[in-house]
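Enquirer: This is the content of entry-v9.cif (mmCIF, C-alpha atoms):
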data_final
#
loop_
_atom_site.group_PDB
_atom_site.id
_atom_site.type_symbol
_atom_site.label_atom_id
_atom_site.label_comp_id
_atom_site.auth_asym_id
_atom_site.auth_seq_id
_atom_site.Cartn_x
_atom_site.Cartn_y
_atom_site.Cartn_z
ATOM 1 C CA MET A 1 -93.276 -33.592 -61.978
ATOM 2 C CA THR A 2 -95.356 -34.043 -58.834
ATOM 3 C CA ALA A 3 -93.446 -37.187 -57.981
ATOM 4 C CA ASP A 4 -90.271 -35.213 -58.382
ATOM 5 C CA LEU A 5 -91.503 -32.506 -56.039
ATOM 6 C CA ARG A 6 -92.651 -35.075 -53.549
ATOM 7 C CA ALA A 7 -89.224 -36.733 -53.593
ATOM 8 C CA GLN A 8 -87.614 -33.353 -53.080
ATOM 9 C CA SER A 9 -89.754 -32.453 -50.104
ATOM 10 C CA ALA A 10 -89.207 -35.923 -48.639
ATOM 11 C CA GLU A 11 -85.488 -35.303 -48.811
ATOM 12 C CA ARG A 12 -85.884 -31.952 -47.129
ATOM 13 C CA ILE A 13 -87.836 -33.568 -44.307
ATOM 14 C CA HIS A 14 -85.016 -36.080 -43.955
ATOM 15 C CA VAL A 15 -82.464 -33.304 -43.431
ATOM 16 C CA PHE A 16 -84.596 -31.403 -40.941
ATOM 17 C CA ARG A 17 -85.254 -34.608 -39.005
ATOM 18 C CA PHE A 18 -81.926 -34.074 -37.242
ATOM 19 C CA ALA A 19 -83.098 -30.669 -36.112
ATOM 20 C CA SER A 20 -85.970 -32.311 -34.238
ATOM 21 C CA PRO A 21 -85.145 -32.307 -30.511
ATOM 22 C CA ALA A 22 -86.114 -35.957 -29.958
ATOM 23 C CA THR A 23 -83.934 -37.189 -32.827
ATOM 24 C CA PHE A 24 -81.052 -34.957 -31.812
ATOM 25 C CA PHE A 25 -81.259 -36.191 -28.231
ATOM 26 C CA ALA A 26 -81.051 -39.855 -29.232
ATOM 27 C CA LEU A 27 -78.380 -39.364 -31.879
ATOM 28 C CA ALA A 28 -76.169 -37.164 -29.682
ATOM 29 C CA GLY A 29 -76.462 -39.700 -26.872
ATOM 30 C CA ARG A 30 -75.163 -42.410 -29.197
ATOM 31 C CA VAL A 31 -72.169 -40.478 -30.567
ATOM 32 C CA VAL A 32 -70.901 -38.750 -27.377
ATOM 33 C CA PRO A 33 -69.021 -41.826 -26.016
ATOM 34 C CA TRP A 34 -67.201 -42.186 -29.347
ATOM 35 C CA PHE A 35 -66.074 -38.567 -29.333
ATOM 36 C CA ALA A 36 -64.966 -38.902 -25.699
ATOM 37 C CA ALA A 37 -62.995 -42.068 -26.510
ATOM 38 C CA ALA A 38 -61.380 -40.396 -29.532
ATOM 39 C CA ALA A 39 -60.415 -37.395 -27.369
ATOM 40 C CA THR A 40 -58.748 -39.670 -24.803
ATOM 41 C CA LEU A 41 -56.818 -41.753 -27.352
ATOM 42 C CA LEU A 42 -55.668 -38.663 -29.261
ATOM 43 C CA ALA A 43 -54.535 -37.000 -26.011
ATOM 44 C CA VAL A 44 -52.510 -40.059 -24.993
ATOM 45 C CA ALA A 45 -50.875 -40.207 -28.425
ATOM 46 C CA GLY A 46 -50.329 -36.430 -28.568
ATOM 47 C CA LEU A 47 -48.782 -36.230 -25.088
ATOM 48 C CA TYR A 48 -46.555 -39.221 -25.820
ATOM 49 C CA VAL A 49 -45.252 -37.610 -29.013
ATOM 50 C CA GLY A 50 -45.023 -34.192 -27.373
ATOM 51 C CA PHE A 51 -43.121 -35.284 -24.268
ATOM 52 C CA PHE A 52 -41.174 -38.376 -25.333
ATOM 53 C CA VAL A 53 -40.505 -38.013 -29.052
ATOM 54 C CA ALA A 54 -40.256 -34.268 -29.655
ATOM 55 C CA PRO A 55 -36.898 -32.739 -28.698
ATOM 56 C CA SER A 56 -36.519 -29.686 -26.476
ATOM 57 C CA ASP A 57 -36.668 -26.308 -28.196
ATOM 58 C CA ALA A 58 -33.336 -24.713 -29.080
ATOM 59 C CA VAL A 59 -34.381 -21.316 -27.712
ATOM 60 C CA GLN A 60 -37.165 -22.034 -25.207
ATOM 61 C CA GLY A 61 -35.809 -25.242 -23.607
ATOM 62 C CA GLU A 62 -38.503 -27.432 -22.024
ATOM 63 C CA ALA A 63 -41.003 -24.689 -21.185
ATOM 64 C CA TYR A 64 -42.162 -24.693 -24.809
ATOM 65 C CA ARG A 65 -43.969 -27.996 -24.075
ATOM 66 C CA ILE A 66 -46.857 -25.882 -22.798
ATOM 67 C CA ILE A 67 -47.590 -25.415 -26.511
ATOM 68 C CA TYR A 68 -49.370 -28.796 -26.643
ATOM 69 C CA ILE A 69 -52.246 -27.434 -24.578
ATOM 70 C CA HIS A 70 -51.884 -23.691 -25.056
ATOM 71 C CA VAL A 71 -52.277 -23.600 -28.839
ATOM 72 C CA PRO A 72 -55.104 -26.204 -29.075
ATOM 73 C CA ALA A 73 -57.004 -24.359 -26.310
ATOM 74 C CA ALA A 74 -56.557 -21.017 -28.068
ATOM 75 C CA TRP A 75 -57.649 -22.480 -31.417
ATOM 76 C CA MET A 76 -60.713 -24.096 -29.867
ATOM 77 C CA ALA A 77 -61.623 -20.888 -28.016
ATOM 78 C CA MET A 78 -61.728 -19.021 -31.345
ATOM 79 C CA PHE A 79 -63.284 -21.843 -33.373
ATOM 80 C CA LEU A 80 -66.000 -22.606 -30.802
ATOM 81 C CA TYR A 81 -66.948 -18.930 -30.785
ATOM 82 C CA LEU A 82 -67.502 -18.996 -34.550
ATOM 83 C CA VAL A 83 -69.525 -22.219 -34.311
ATOM 84 C CA MET A 84 -71.557 -20.731 -31.450
ATOM 85 C CA ALA A 85 -72.208 -17.519 -33.407
ATOM 86 C CA PHE A 86 -73.184 -19.601 -36.463
ATOM 87 C CA TRP A 87 -75.800 -21.666 -34.595
ATOM 88 C CA ALA A 88 -77.043 -18.603 -32.744
ATOM 89 C CA ALA A 89 -77.514 -16.849 -36.108
ATOM 90 C CA ILE A 90 -79.349 -19.861 -37.583
ATOM 91 C CA GLY A 91 -81.586 -19.917 -34.525
ATOM 92 C CA LEU A 92 -82.255 -16.206 -34.891
ATOM 93 C CA ALA A 93 -82.956 -16.379 -38.637
ATOM 94 C CA PHE A 94 -85.041 -19.576 -38.805
ATOM 95 C CA ASN A 95 -86.396 -19.669 -35.259
ATOM 96 C CA THR A 96 -85.103 -23.216 -34.817
ATOM 97 C CA ARG A 97 -84.972 -24.153 -31.139
ATOM 98 C CA MET A 98 -82.263 -26.765 -31.473
ATOM 99 C CA SER A 99 -79.798 -24.318 -33.090
ATOM 100 C CA SER A 100 -80.150 -21.866 -30.202
ATOM 101 C CA MET A 101 -79.738 -24.675 -27.697
ATOM 102 C CA LEU A 102 -76.518 -25.754 -29.437
ATOM 103 C CA ALA A 103 -75.216 -22.183 -29.233
ATOM 104 C CA ALA A 104 -76.042 -22.051 -25.521
ATOM 105 C CA ALA A 105 -74.339 -25.447 -25.061
ATOM 106 C CA LEU A 106 -71.134 -24.239 -26.719
ATOM 107 C CA ALA A 107 -70.649 -21.092 -24.608
ATOM 108 C CA PRO A 108 -69.333 -22.711 -21.373
ATOM 109 C CA SER A 109 -66.936 -24.971 -23.316
ATOM 110 C CA GLY A 110 -65.623 -21.968 -25.226
ATOM 111 C CA ALA A 111 -65.219 -19.951 -22.043
ATOM 112 C CA LEU A 112 -63.196 -22.758 -20.470
ATOM 113 C CA MET A 113 -60.985 -23.035 -23.552
ATOM 114 C CA ALA A 114 -60.333 -19.278 -23.479
ATOM 115 C CA ALA A 115 -59.536 -19.473 -19.751
ATOM 116 C CA VAL A 116 -57.146 -22.395 -20.312
ATOM 117 C CA ALA A 117 -55.448 -20.520 -23.166
ATOM 118 C CA LEU A 118 -54.958 -17.459 -20.930
ATOM 119 C CA TRP A 119 -53.765 -19.484 -17.935
ATOM 120 C CA THR A 120 -51.248 -21.583 -19.898
ATOM 121 C CA GLY A 121 -50.198 -18.454 -21.786
ATOM 122 C CA ALA A 122 -49.435 -16.703 -18.499
ATOM 123 C CA LEU A 123 -47.343 -19.648 -17.314
ATOM 124 C CA TRP A 124 -45.512 -19.671 -20.622
ATOM 125 C CA GLY A 125 -45.042 -15.910 -20.724
ATOM 126 C CA ARG A 126 -43.378 -15.708 -17.306
ATOM 127 C CA PRO A 127 -40.270 -17.802 -18.176
ATOM 128 C CA MET A 128 -40.086 -16.475 -21.766
ATOM 129 C CA TRP A 129 -40.965 -12.786 -21.420
ATOM 130 C CA GLY A 130 -40.488 -12.274 -17.700
ATOM 131 C CA ALA A 131 -44.154 -11.375 -17.215
ATOM 132 C CA TYR A 132 -47.340 -13.365 -16.592
ATOM 133 C CA TRP A 133 -49.384 -10.752 -18.358
ATOM 134 C CA VAL A 134 -48.806 -7.863 -20.752
ATOM 135 C CA TRP A 135 -51.438 -5.692 -22.440
ATOM 136 C CA ASP A 136 -50.445 -7.026 -25.827
ATOM 137 C CA ALA A 137 -52.954 -7.068 -28.710
ATOM 138 C CA ARG A 138 -53.298 -10.845 -28.807
ATOM 139 C CA LEU A 139 -53.564 -11.302 -25.043
ATOM 140 C CA THR A 140 -56.038 -8.459 -24.682
ATOM 141 C CA SER A 141 -58.269 -9.653 -27.529
ATOM 142 C CA THR A 142 -58.269 -13.185 -26.069
ATOM 143 C CA LEU A 143 -59.305 -11.757 -22.702
ATOM 144 C CA ILE A 144 -62.140 -9.969 -24.529
ATOM 145 C CA LEU A 145 -63.106 -13.334 -26.055
ATOM 146 C CA LEU A 146 -63.403 -14.807 -22.555
ATOM 147 C CA PHE A 147 -65.578 -11.850 -21.508
ATOM 148 C CA LEU A 148 -67.784 -12.318 -24.589
ATOM 149 C CA TYR A 149 -68.403 -15.950 -23.612
ATOM 150 C CA LEU A 150 -69.115 -14.932 -20.007
ATOM 151 C CA GLY A 151 -71.362 -12.122 -21.252
ATOM 152 C CA PHE A 152 -73.307 -14.588 -23.409
ATOM 153 C CA MET A 153 -73.814 -16.903 -20.435
ATOM 154 C CA SER A 154 -74.789 -14.125 -18.005
ATOM 155 C CA LEU A 155 -77.196 -12.546 -20.478
ATOM 156 C CA HIS A 156 -78.821 -15.915 -21.085
ATOM 157 C CA ALA A 157 -79.159 -16.510 -17.367
ATOM 158 C CA ALA A 158 -80.572 -13.017 -16.793
ATOM 159 C CA ILE A 159 -83.572 -13.352 -19.147
ATOM 160 C CA ASP A 160 -86.366 -15.606 -17.896
ATOM 161 C CA ASP A 161 -88.006 -16.350 -21.236
ATOM 162 C CA VAL A 162 -85.482 -18.709 -22.880
ATOM 163 C CA ARG A 163 -86.516 -17.938 -26.435
ATOM 164 C CA ARG A 164 -86.047 -14.205 -25.813
ATOM 165 C CA ALA A 165 -82.736 -14.981 -24.132
ATOM 166 C CA ASP A 166 -81.736 -17.001 -27.232
ATOM 167 C CA ARG A 167 -82.457 -14.034 -29.504
ATOM 168 C CA ALA A 168 -80.692 -11.462 -27.330
ATOM 169 C CA CYS A 169 -77.653 -13.735 -26.994
ATOM 170 C CA ALA A 170 -77.589 -14.370 -30.751
ATOM 171 C CA VAL A 171 -77.202 -10.632 -31.343
ATOM 172 C CA LEU A 172 -74.421 -10.481 -28.750
ATOM 173 C CA ALA A 173 -72.677 -13.521 -30.302
ATOM 174 C CA LEU A 174 -72.881 -12.028 -33.809
ATOM 175 C CA VAL A 175 -71.555 -8.625 -32.796
ATOM 176 C CA GLY A 176 -68.751 -10.269 -30.808
ATOM 177 C CA ALA A 177 -67.721 -12.437 -33.765
ATOM 178 C CA ILE A 178 -65.707 -9.496 -35.099
ATOM 179 C CA ASN A 179 -63.260 -10.160 -32.265
ATOM 180 C CA VAL A 180 -62.202 -13.552 -33.679
ATOM 181 C CA PRO A 181 -60.398 -12.249 -36.803
ATOM 182 C CA ILE A 182 -58.912 -9.521 -34.594
ATOM 183 C CA ILE A 183 -57.359 -12.190 -32.341
ATOM 184 C CA TYR A 184 -56.197 -14.244 -35.280
ATOM 185 C CA PHE A 185 -54.518 -11.405 -37.162
ATOM 186 C CA SER A 186 -53.427 -9.405 -34.099
ATOM 187 C CA VAL A 187 -49.862 -10.717 -34.327
ATOM 188 C CA LYS A 188 -49.665 -9.405 -37.900
ATOM 189 C CA TRP A 189 -51.529 -6.133 -37.552
ATOM 190 C CA TRP A 190 -49.803 -4.924 -34.420
ATOM 191 C CA ASN A 191 -46.270 -5.186 -33.160
ATOM 192 C CA THR A 192 -46.964 -7.713 -30.431
ATOM 193 C CA LEU A 193 -44.832 -9.436 -27.845
ATOM 194 C CA HIS A 194 -46.720 -12.630 -28.620
ATOM 195 C CA GLN A 195 -44.900 -14.692 -31.227
ATOM 196 C CA GLY A 196 -46.317 -15.080 -34.736
ATOM 197 C CA ALA A 197 -48.225 -18.120 -35.947
ATOM 198 C CA THR A 198 -46.295 -21.385 -35.586
ATOM 199 C CA ILE A 199 -48.454 -23.064 -38.177
ATOM 200 C CA SER A 200 -49.994 -21.274 -41.108
ATOM 201 C CA MET A 201 -51.936 -22.423 -44.142
ATOM 202 C CA VAL A 202 -49.658 -20.630 -46.587
ATOM 203 C CA LYS A 203 -46.139 -21.422 -45.446
ATOM 204 C CA ALA A 204 -44.195 -24.353 -44.014
ATOM 205 C CA PRO A 205 -44.437 -24.720 -40.217
ATOM 206 C CA THR A 206 -41.516 -23.324 -38.227
ATOM 207 C CA ILE A 207 -41.217 -26.258 -35.815
ATOM 208 C CA ALA A 208 -39.781 -29.795 -35.934
ATOM 209 C CA THR A 209 -42.011 -32.555 -37.322
ATOM 210 C CA PRO A 210 -42.609 -34.400 -34.003
ATOM 211 C CA MET A 211 -43.565 -31.101 -32.350
ATOM 212 C CA LEU A 212 -46.006 -30.441 -35.166
ATOM 213 C CA LEU A 213 -47.424 -33.972 -34.936
ATOM 214 C CA GLY A 214 -47.876 -33.692 -31.159
ATOM 215 C CA LEU A 215 -49.548 -30.327 -31.562
ATOM 216 C CA LEU A 216 -51.948 -31.561 -34.239
ATOM 217 C CA LEU A 217 -52.863 -34.675 -32.222
ATOM 218 C CA MET A 218 -53.601 -32.509 -29.181
ATOM 219 C CA ALA A 219 -55.623 -30.070 -31.292
ATOM 220 C CA LEU A 220 -57.727 -32.978 -32.604
ATOM 221 C CA SER A 221 -58.116 -34.276 -29.056
ATOM 222 C CA PHE A 222 -59.362 -30.877 -27.823
ATOM 223 C CA TRP A 223 -61.719 -30.742 -30.782
ATOM 224 C CA MET A 224 -63.218 -34.170 -30.009
ATOM 225 C CA TYR A 225 -63.438 -33.252 -26.313
ATOM 226 C CA SER A 226 -65.300 -30.040 -27.157
ATOM 227 C CA ILE A 227 -67.755 -31.902 -29.406
ATOM 228 C CA ALA A 228 -68.408 -34.487 -26.683
ATOM 229 C CA MET A 229 -68.941 -31.773 -24.053
ATOM 230 C CA ALA A 230 -71.089 -29.516 -26.242
ATOM 231 C CA LEU A 231 -73.344 -32.394 -27.350
ATOM 232 C CA SER A 232 -73.727 -33.642 -23.756
ATOM 233 C CA ARG A 233 -74.572 -30.135 -22.584
ATOM 234 C CA ALA A 234 -77.050 -29.675 -25.445
ATOM 235 C CA ARG A 235 -78.803 -32.865 -24.294
ATOM 236 C CA VAL A 236 -79.039 -31.541 -20.739
ATOM 237 C CA ILE A 237 -80.385 -28.204 -21.995
ATOM 238 C CA LEU A 238 -82.973 -30.137 -24.032
ATOM 239 C CA LEU A 239 -84.040 -32.047 -20.915
ATOM 240 C CA GLU A 240 -84.343 -28.797 -18.983
ATOM 241 C CA ARG A 241 -86.355 -27.002 -21.632
ATOM 242 C CA GLU A 242 -88.566 -29.821 -22.878
ATOM 243 C CA ARG A 243 -89.147 -31.436 -19.510
ATOM 244 C CA ASP A 244 -92.908 -31.712 -20.087
ATOM 245 C CA SER A 245 -92.860 -32.920 -23.680
ATOM 246 C CA ALA A 246 -94.174 -36.360 -24.666
ATOM 247 C CA TRP A 247 -90.768 -37.527 -25.922
ATOM 248 C CA VAL A 248 -88.994 -36.670 -22.661
ATOM 249 C CA ARG A 249 -91.717 -38.530 -20.736
ATOM 250 C CA ALA A 250 -91.293 -41.519 -23.048
ATOM 251 C CA TRP A 251 -87.492 -41.397 -22.604
ATOM 252 C CA LEU A 252 -87.868 -41.258 -18.817
ATOM 253 C CA ARG A 253 -90.021 -44.397 -18.931
ATOM 254 C CA THR A 254 -87.344 -46.282 -20.889
ATOM 255 C CA ARG A 255 -84.741 -45.687 -18.171
ATOM 256 C CA GLN A 256 -86.754 -46.426 -15.031
ATOM 257 C CA MET B 257 -35.152 -40.884 -25.887
ATOM 258 C CA THR B 258 -35.544 -37.271 -24.899
ATOM 259 C CA TRP B 259 -35.001 -37.710 -21.142
ATOM 260 C CA ASP B 260 -32.010 -39.135 -19.264
ATOM 261 C CA SER B 261 -34.147 -40.134 -16.274
ATOM 262 C CA TRP B 262 -37.634 -39.748 -14.814
ATOM 263 C CA ALA B 263 -36.223 -37.122 -12.469
ATOM 264 C CA ALA B 264 -35.124 -35.100 -15.500
ATOM 265 C CA PHE B 265 -38.581 -35.542 -17.007
ATOM 266 C CA TRP B 266 -40.347 -34.207 -13.896
ATOM 267 C CA ALA B 267 -37.840 -31.352 -13.574
ATOM 268 C CA MET B 268 -38.646 -30.114 -17.122
ATOM 269 C CA GLY B 269 -35.294 -28.358 -17.418
ATOM 270 C CA GLY B 270 -35.981 -26.273 -14.307
ATOM 271 C CA ARG B 271 -39.418 -25.140 -15.573
ATOM 272 C CA ALA B 272 -41.447 -27.789 -13.731
ATOM 273 C CA GLY B 273 -43.756 -25.289 -12.027
ATOM 274 C CA PHE B 274 -44.731 -23.636 -15.293
ATOM 275 C CA VAL B 275 -45.147 -26.801 -17.368
ATOM 276 C CA TRP B 276 -46.916 -28.928 -14.734
ATOM 277 C CA GLY B 277 -48.868 -25.911 -13.508
ATOM 278 C CA SER B 278 -50.277 -25.570 -17.022
ATOM 279 C CA TYR B 279 -51.077 -29.265 -17.457
ATOM 280 C CA GLY B 280 -52.410 -29.738 -13.939
ATOM 281 C CA VAL B 281 -54.816 -26.824 -14.064
ATOM 282 C CA THR B 282 -56.002 -27.761 -17.580
ATOM 283 C CA LEU B 283 -56.740 -31.323 -16.466
ATOM 284 C CA ALA B 284 -58.512 -30.043 -13.341
ATOM 285 C CA VAL B 285 -60.619 -27.614 -15.401
ATOM 286 C CA PHE B 286 -61.709 -30.368 -17.814
ATOM 287 C CA ALA B 287 -62.520 -32.715 -14.929
ATOM 288 C CA LEU B 288 -64.554 -29.981 -13.195
ATOM 289 C CA GLU B 289 -66.441 -29.270 -16.433
ATOM 290 C CA ALA B 290 -67.378 -32.944 -16.778
ATOM 291 C CA MET B 291 -68.432 -33.180 -13.115
ATOM 292 C CA ALA B 292 -70.477 -29.989 -13.249
ATOM 293 C CA LEU B 293 -72.254 -31.257 -16.360
ATOM 294 C CA ARG B 294 -73.021 -34.580 -14.654
ATOM 295 C CA GLY B 295 -74.579 -32.724 -11.753
ATOM 296 C CA ARG B 296 -76.617 -30.501 -14.035
ATOM 297 C CA ARG B 297 -77.843 -33.551 -15.941
ATOM 298 C CA ARG B 298 -78.865 -35.331 -12.738
ATOM 299 C CA ARG B 299 -80.825 -32.269 -11.632
ATOM 300 C CA ALA B 300 -82.530 -32.005 -15.038
ATOM 301 C CA VAL B 301 -83.548 -35.670 -14.997
ATOM 302 C CA ASP B 302 -84.843 -35.400 -11.400
ATOM 303 C CA GLN B 303 -86.871 -32.346 -12.269
ATOM 304 C CA ALA B 304 -88.341 -34.030 -15.362
ATOM 305 C CA ARG B 305 -89.229 -37.075 -13.205
ATOM 306 C CA ARG B 306 -90.950 -34.917 -10.580
ATOM 307 C CA SER B 307 -92.825 -33.056 -13.287
ATOM 308 C CA ALA B 308 -93.972 -36.327 -14.865
ATOM 309 C CA ALA B 309 -95.067 -37.668 -11.470
ATOM 310 C CA ALA B 310 -97.032 -34.484 -10.731
ATOM 311 C CA ALA B 311 -98.750 -34.718 -14.124
ATOM 312 C CA ALA B 312 -99.666 -38.370 -13.499
ATOM 313 C CA GLU B 313 -101.160 -37.489 -10.097
ATOM 314 C CA SER B 314 -103.254 -34.600 -11.334
ATOM 315 C CA ARG B 315 -104.832 -36.829 -13.977
ATOM 316 C CA PRO B 316 -108.196 -38.173 -12.768
#
Please, can you express the file's structure as structure tokens?
Expert:
Amino acid sequence: MTADLRAQSAERIHVFRFASPATFFALAGRVVPWFAAAATLLAVAGLYVGFFVAPSDAVQGEAYRIIYIHVPAAWMAMFLYLVMAFWAAIGLAFNTRMSSMLAAALAPSGALMAAVALWTGALWGRPMWGAYWVWDARLTSTLILLFLYLGFMSLHAAIDDVRRADRACAVLALVGAINVPIIYFSVKWWNTLHQGATISMVKAPTIATPMLLGLLLMALSFWMYSIAMALSRARVILLERERDSAWVRAWLRTRQ
Amino acid sequence: MTWDSWAAFWAMGGRAGFVWGSYGVTLAVFALEAMALRGRRRRAVDQARRSAAAAAESRP
């Protein structure tokens, strides 16, 4: 019985070991180059398929090729927000420093993805709709997503005590999370100019197989890129916050 | 092969500005993100070094 309990608690310690800043720092440092390499290889493959294998679109001609960055960026902007809100919530509930640092590390990457989605969307909208911007439900809710990321970052920067900033930002991130399903379902709920989903979990995709393959490769590439960036940024945030800790001092000595 | 020539590839069916404008800016944004992070990391390491040096000096 006691042995059983001891084994159980040992296992629990094992899981939480990764939440320890020093372990996270070392582990993240080891995996970042692999994620960066995967992002590069997937992008090369995705762009090759997207530009040299996939045919032009019957209706949209060549301009549709913006899809290979527009859709992955939009997906990542939404997905990163949910991941950020998740870690912020964990940090708020369990007072775990590393979770809040991860949330703070994800915000700039998410903001950039939202900005890229809006920029490429504008350049796609002009030839297709005749306008760079319309106040359509999907476009507007994506703009709000960008502002939520920027709000998170500004609020964090505005509060001196980082732990208080973490908690305030967690509340902001959680309240803002309601915007993600609004973006996702906006093309169904409202009569939007933005086209419906190209790929959905419940029905067959509406595009040719090479287009789909190129799109999925690029989406994976953006995913790997975001992981590499978020982990690198989390390491920098750790260095900033734990500058005076014994493990940072020890790490500094190893790289003299 | 999708393209008759490289010229046709770069022309993107007359939509070159929109397609390459999207790809160019995206690439630039990612490159800037990586560079900004490098700079932030260098500053963090420098600051940690200075802090460690100051602590070593204040020790008797």
Enquirer: Which residue gives the smallest distance to His156 in chain A among A:Ala137, A:Ala177, A:Ala111, A:Ala103, with only C-alpha atoms counted?
Expert: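 Smallest separation from His156 in chain A among the options: A:Ala103.
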Enquirer: Quick one: which residues end up in the PyMOL selection byres ((chain A and resi 149) around 9) for this structure, as a ChimeraX atom specification?
Expert: /A:81,107-108,110-111,114,144-148,150-154,173
Enquirer: Could you list, with a cut-off of 10 Å and counting all atoms listed in the file, the residues of chain B near chain A, each shown with its nearest atom pair and the distance in Å rounded to one decimal, rows sorted by chain and ascending number, as JSON lines?
Expert:
{"residue": "B:Met257", "atom": "CA", "partner": "A:Phe52", "partner_atom": "CA", "distance": 6.5}
{"residue": "B:Thr258", "atom": "CA", "partner": "A:Phe52", "partner_atom": "CA", "distance": 5.8}
{"residue": "B:Trp259", "atom": "CA", "partner": "A:Phe52", "partner_atom": "CA", "distance": 7.5}
{"residue": "B:Phe265", "atom": "CA", "partner": "A:Phe51", "partner_atom": "CA", "distance": 8.6}
{"residue": "B:Ala267", "atom": "CA", "partner": "A:Glu62", "partner_atom": "CA", "distance": 9.3}
{"residue": "B:Met268", "atom": "CA", "partner": "A:Glu62", "partner_atom": "CA", "distance": 5.6}
{"residue": "B:Gly269", "atom": "CA", "partner": "A:Glu62", "partner_atom": "CA", "distance": 5.7}
{"residue": "B:Gly270", "atom": "CA", "partner": "A:Glu62", "partner_atom": "CA", "distance": 8.2}
{"residue": "B:Arg271", "atom": "CA", "partner": "A:Ala63", "partner_atom": "CA", "distance": 5.8}
{"residue": "B:Ala272", "atom": "CA", "partner": "A:Ala63", "partner_atom": "CA", "distance": 8.1}
{"residue": "B:Gly273", "atom": "CA", "partner": "A:Leu123", "partner_atom": "CA", "distance": 8.5}
{"residue": "B:Phe274", "atom": "CA", "partner": "A:Leu123", "partner_atom": "CA", "distance": 5.2}
{"residue": "B:Val275", "atom": "CA", "partner": "A:Ile66", "partner_atom": "CA", "distance": 5.8}
{"residue": "B:Trp276", "atom": "CA", "partner": "A:Ile66", "partner_atom": "CA", "distance": 8.6}
{"residue": "B:Gly277", "atom": "CA", "partner": "A:Leu123", "partner_atom": "CA", "distance": 7.5}
{"residue": "B:Ser278", "atom": "CA", "partner": "A:Thr120", "partner_atom": "CA", "distance": 5.0}
{"residue": "B:Tyr279", "atom": "CA", "partner": "A:Ile69", "partner_atom": "CA", "distance": 7.4}
{"residue": "B:Val281", "atom": "CA", "partner": "A:Val116", "partner_atom": "CA", "distance": 8.0}
{"residue": "B:Thr282", "atom": "CA", "partner": "A:Val116", "partner_atom": "CA", "distance": 6.1}
{"residue": "B:Leu283", "atom": "CA", "partner": "A:Val116", "partner_atom": "CA", "distance": 9.7}
{"residue": "B:Val285", "atom": "CA", "partner": "A:Leu112", "partner_atom": "CA", "distance": 7.5}
{"residue": "B:Phe286", "atom": "CA", "partner": "A:Leu112", "partner_atom": "CA", "distance": 8.2}
{"residue": "B:Glu289", "atom": "CA", "partner": "A:Ser109", "partner_atom": "CA", "distance": 8.1}
{"residue": "B:Ala290", "atom": "CA", "partner": "A:Met229", "partner_atom": "CA", "distance": 7.5}
{"residue": "B:Leu293", "atom": "CA", "partner": "A:Arg233", "partner_atom": "CA", "distance": 6.7}
{"residue": "B:Arg294", "atom": "CA", "partner": "A:Val236", "partner_atom": "CA", "distance": 9.1}
{"residue": "B:Arg296", "atom": "CA", "partner": "A:Val236", "partner_atom": "CA", "distance": 7.2}
{"residue": "B:Arg297", "atom": "CA", "partner": "A:Val236", "partner_atom": "CA", "distance": 5.3}
{"residue": "B:Arg298", "atom": "CA", "partner": "A:Val236", "partner_atom": "CA", "distance": 8.9}
{"residue": "B:Arg299", "atom": "CA", "partner": "A:Glu240", "partner_atom": "CA", "distance": 8.9}
{"residue": "B:Ala300", "atom": "CA", "partner": "A:Glu240", "partner_atom": "CA", "distance": 5.4}
{"residue": "B:Val301", "atom": "CA", "partner": "A:Leu239", "partner_atom": "CA", "distance": 7.0}
{"residue": "B:Asp302", "atom": "CA", "partner": "A:Leu252", "partner_atom": "CA", "distance": 9.9}
{"residue": "B:Gln303", "atom": "CA", "partner": "A:Arg243", "partner_atom": "CA", "distance": 7.6}
{"residue": "B:Ala304", "atom": "CA", "partner": "A:Arg243", "partner_atom": "CA", "distance": 5.0}
{"residue": "B:Arg305", "atom": "CA", "partner": "A:Leu252", "partner_atom": "CA", "distance": 7.1}
{"residue": "B:Arg306", "atom": "CA", "partner": "A:Arg243", "partner_atom": "CA", "distance": 9.8}
{"residue": "B:Ser307", "atom": "CA", "partner": "A:Asp244", "partner_atom": "CA", "distance": 6.9}
{"residue": "B:Ala308", "atom": "CA", "partner": "A:Arg249", "partner_atom": "CA", "distance": 6.7}
{"residue": "B:Ala309", "atom": "CA", "partner": "A:Arg249", "partner_atom": "CA", "distance": 9.9}
{"residue": "B:Ala311", "atom": "CA", "partner": "A:Asp244", "partner_atom": "CA", "distance": 8.9}
Enquirer: I'd like the neighbourhood of range 86-90 of chain A as a list in words, where a residue qualifies if any of its atoms comes within 8 Å (using all atoms listed in the file), though same-chain residues fewer than 3 positions away should be ignored.
Expert: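 The contact residues come out as Leu82, Val83, Ala93, Phe94, Asn95, Thr96, Ser99, Ser100, Leu102, Ala103, Asp166, Arg167, Cys169, Ala170, Val171, Ala173 and Leu174 of chain A.
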Enquirer: Could you tell me which residues the PyMOL selection byres ((chain A and resi 28) around 9) returns for this structure, as a PyMOL selection string?
Expert: chain A and resi 23-27+29-32+228+231-232+234-235
Enquirer: With C-alpha atoms retained, could you export that selection as a compact mmCIF listing (two decimals), in the frame of the given file?
Expert:
# COMPACT_ATOMS: atom_id res chain seq x y z
CA THR A 23 -83.93 -37.19 -32.83
CA PHE A 24 -81.05 -34.96 -31.81
CA PHE A 25 -81.26 -36.19 -28.23
CA ALA A 26 -81.05 -39.85 -29.23
CA LEU A 27 -78.38 -39.36 -31.88
CA GLY A 29 -76.46 -39.70 -26.87
CA ARG A 30 -75.16 -42.41 -29.20
CA VAL A 31 -72.17 -40.48 -30.57
CA VAL A 32 -70.90 -38.75 -27.38
CA ALA A 228 -68.41 -34.49 -26.68
CA LEU A 231 -73.34 -32.39 -27.35
CA SER A 232 -73.73 -33.64 -23.76
CA ALA A 234 -77.05 -29.68 -25.44
CA ARG A 235 -78.80 -32.86 -24.29
